[in-house]
Amino acid sequence: MRTPLIAGNWKMNTLPAEARVLVESLRERLPSPAAEVLVCPPFVSLATVAEALQGSAIAWGAQNLYWEESGAYTGEIAPAMLTALGCTYVILGHSERRQLFAETDADIARKVAAALAHGLTAIVCVGETETQYERGETEVHIRRQLRESLAGVTPAQAAKMVIAYEPIWAIGTGKSATAETAESVCALIRDELSVLFGAAVADGIRILYGGSVKPDNIAALLAKDNIDGALVGGASLKAADFAAIACGKEA
Ligand code: 13P
């Protein structure tokens with residue numbers, strides 16, 4: 001049985017004081033959620049969020065990391081800095097990092113290795129552009145992203161990872177993939193994971209859907225066999241909406 005994971009990717013939003021208000025409200029609304037619930041605020045709010053969520057059922061994580069341990073890497077954040085703040089998860093390979101910051105699958109593979117070495121659960125994002133979707137290239141693209149961004153991962157390590165399918169055309173557009181489309185891609189992701197790591201391991205890996213997830217479409221998504229949760233952007237910034245999504249129902 002795969003426990004659903006509902007993760008909020010706050011992206012570059014909230015000042016620390018706003019982050020505190022948001023997680024305090026979430027904590028109140030979600031005293032004992034059935035799903036596993038995770039928030040990923042900006043780096044500068046992690047300490048505040050960690051303090052506000054001490055002893056709660058809500059986990060916190062980061063949106064990125066750098067693979068080196070320490071040193072002359074101006075502006076970067078090392079894995080141990082995240083674990084020191086109690087992070088248990090890290091989002092890697094988000095399409096915004098791939099597109100706006102030129103992250104490659106090889107970069108992501110190095111980040112995945114660093115996350116694993118520090119006991120962080122990596123949420124590795126994959127997804128196709130609108131053009132690739134229209135040209136019918138989704139499958140080839142997603143399989144390649146998985147192979148290359150998970151290069152070097154062992155089956156034992158893979159068992160603890162999370163994959164997020166985020167079609168780029170559905171991110172921040174209000175135009176979610178239908179539950180059927182999302183399910184068909186999540187099924188092919190599981191198939192590629194079974195090629196890479198074996199069927200038993202693939203069967204235990206959680207696959208999230210992300211892209212305009214809202215309280216009114218979460219139930220249909222979670223009803224699908226291969227969708228084990230959601231990576232939520234915009235709606236994770238509103239406590240009522242994110243709490244409703246975490247409960248798998250309309251607000
Ligand atoms: P939206 O939910 O705002 O579409 O963002 C999805 C996303 O990119 C989460 O990582």
# chains A, B, ... in the order shown; residues from 1 in each chain; ligands from 1
>>> residues_near_ligand(ligand="ligand 1", cutoff="8 Å", atoms="only C-alpha atoms and all ligand atoms", output="list in words")
Gly8, Asn9, Trp10, Lys11, His94, Ser95, Glu96, Glu166, Ile168, Ala170, Ile171, Gly172, Thr173, Gly174, Ser176, Gly210, Gly211, Ser212, Val213, Lys214, Leu231, Val232, Gly233, Gly234, Ala235 and Ser236 of chain A
>>> select_by_dssp(residues="segment 6-248 of chain A", states="helix (DSSP H, G or I)", output="VMD selection string")
chain A and resid 16 to 29 43 to 53 79 to 84 95 to 100 105 to 117 130 to 134 138 to 149 155 to 158 168 to 170 179 to 197 199 to 204 218 to 222 234 to 237 239 to 246
>>> closest_residue(among="A:Ile218, A:Ala187, A:Ala47, A:Val124", to="Met161 of chain A", atoms="only C-alpha atoms")
A:Val124
>>> residues_around(residues="Arg20 of chain A", least_positions_apart="6", cutoff="12 Å", atoms="only C-alpha atoms", output="ChimeraX atom specification")
/A:14,26-27,39,41,44-53,237,239
>>> closest_residue(among="A:Ala80, A:Ile91, A:Val153, A:Ala106", to="Gly119 of chain A", atoms="only C-alpha atoms")
A:Ala80
>>> residues_around(residues="Cys186 of chain A", least_positions_apart="6", cutoff="12 Å", atoms="only C-alpha atoms", output="ChimeraX atom specification")
/A:125-127,138-139,142-143,146,162-167,177,179-180,192-193,202-203,205-210,221-222,224-230
>>> closest_atom_pairs(of="segment 105-181 of chain A", to="segment 84-90 of chain A", cutoff="7 Å", atoms="only C-alpha atoms", output="JSON lines")
{"residue": "A:Leu120", "atom": "CA", "partner": "A:Thr88", "partner_atom": "CA", "distance": 5.2}
{"residue": "A:Thr121", "atom": "CA", "partner": "A:Tyr89", "partner_atom": "CA", "distance": 4.6}
{"residue": "A:Ala122", "atom": "CA", "partner": "A:Val90", "partner_atom": "CA", "distance": 5.1}
{"residue": "A:Ile123", "atom": "CA", "partner": "A:Val90", "partner_atom": "CA", "distance": 6.1}
>>> residues_around(residues="Ser32 of chain A", least_positions_apart="6", cutoff="9 Å", atoms="only C-alpha atoms", output="list of chain:residue names")
A:Ser56, A:Ala57, A:Ile58
>>> select_by_dssp(residues="segment 3-93 of chain A", states="strand (DSSP E)", output="compact mmCIF listing (two decimals) with N, CA, C and O atoms, in the first residue's frame")
# COMPACT_ATOMS: atom_id res chain seq x y z
N LEU A 5 0.84 11.07 -0.73
CA LEU A 5 1.66 12.21 -0.31
C LEU A 5 1.11 13.47 -0.99
O LEU A 5 1.00 13.50 -2.21
N ILE A 6 0.77 14.45 -0.18
CA ILE A 6 0.32 15.73 -0.72
C ILE A 6 1.40 16.75 -0.37
O ILE A 6 1.63 17.05 0.81
N ALA A 7 2.07 17.25 -1.41
CA ALA A 7 3.21 18.15 -1.19
C ALA A 7 2.91 19.53 -1.76
O ALA A 7 2.40 19.65 -2.87
N GLY A 8 3.25 20.54 -1.00
CA GLY A 8 3.08 21.92 -1.46
C GLY A 8 4.41 22.50 -1.88
O GLY A 8 5.35 22.53 -1.08
N ASN A 9 4.51 22.93 -3.12
CA ASN A 9 5.70 23.61 -3.62
C ASN A 9 5.37 25.10 -3.66
O ASN A 9 4.65 25.55 -4.54
N GLU A 36 0.13 11.72 3.89
CA GLU A 36 1.33 12.37 4.38
C GLU A 36 1.32 13.77 3.76
O GLU A 36 1.02 13.93 2.58
N VAL A 37 1.61 14.78 4.56
CA VAL A 37 1.53 16.17 4.08
C VAL A 37 2.91 16.82 4.23
O VAL A 37 3.58 16.67 5.26
N LEU A 38 3.30 17.53 3.18
CA LEU A 38 4.64 18.12 3.12
C LEU A 38 4.52 19.54 2.58
O LEU A 38 3.76 19.78 1.63
N VAL A 39 5.29 20.47 3.16
CA VAL A 39 5.38 21.81 2.58
C VAL A 39 6.85 22.09 2.23
O VAL A 39 7.76 21.71 2.96
N CYS A 40 7.03 22.74 1.09
CA CYS A 40 8.38 23.10 0.64
C CYS A 40 8.44 24.61 0.41
O CYS A 40 8.18 25.10 -0.68
N ILE A 58 2.88 17.46 9.94
CA ILE A 58 3.26 18.00 8.63
C ILE A 58 4.79 18.05 8.51
O ILE A 58 5.47 18.55 9.41
N ALA A 59 5.30 17.52 7.40
CA ALA A 59 6.75 17.53 7.16
C ALA A 59 7.12 18.75 6.32
O ALA A 59 6.26 19.36 5.70
N TRP A 60 8.41 19.07 6.31
CA TRP A 60 8.87 20.19 5.49
C TRP A 60 10.11 19.78 4.70
O TRP A 60 10.84 18.87 5.09
N GLY A 61 10.27 20.44 3.57
CA GLY A 61 11.41 20.10 2.72
C GLY A 61 11.79 21.30 1.88
O GLY A 61 11.21 22.39 2.01
N ALA A 62 12.79 21.09 1.01
CA ALA A 62 13.32 22.19 0.20
C ALA A 62 12.95 22.01 -1.27
O ALA A 62 12.46 20.95 -1.68
N TYR A 89 12.54 16.01 2.92
CA TYR A 89 12.32 15.88 1.47
C TYR A 89 13.03 17.01 0.74
O TYR A 89 13.25 18.08 1.30
N VAL A 90 13.31 16.77 -0.55
CA VAL A 90 13.77 17.85 -1.42
C VAL A 90 13.20 17.61 -2.83
O VAL A 90 13.21 16.48 -3.32
N ILE A 91 12.65 18.67 -3.40
CA ILE A 91 12.16 18.60 -4.78
C ILE A 91 13.36 18.79 -5.70
O ILE A 91 14.15 19.72 -5.52
N LEU A 92 13.52 17.92 -6.68
CA LEU A 92 14.64 18.05 -7.62
C LEU A 92 14.14 17.97 -9.06
O LEU A 92 13.22 17.21 -9.37
>>> atom_distance(atom1="atom CA of Gln99 of chain A", atom2="atom CA of Ser184 of chain A")
24.2 Å
>>> atom_distance(atom1="atom CA of Gln54 of chain A", atom2="atom CA of Ala240 of chain A")
20.6 Å
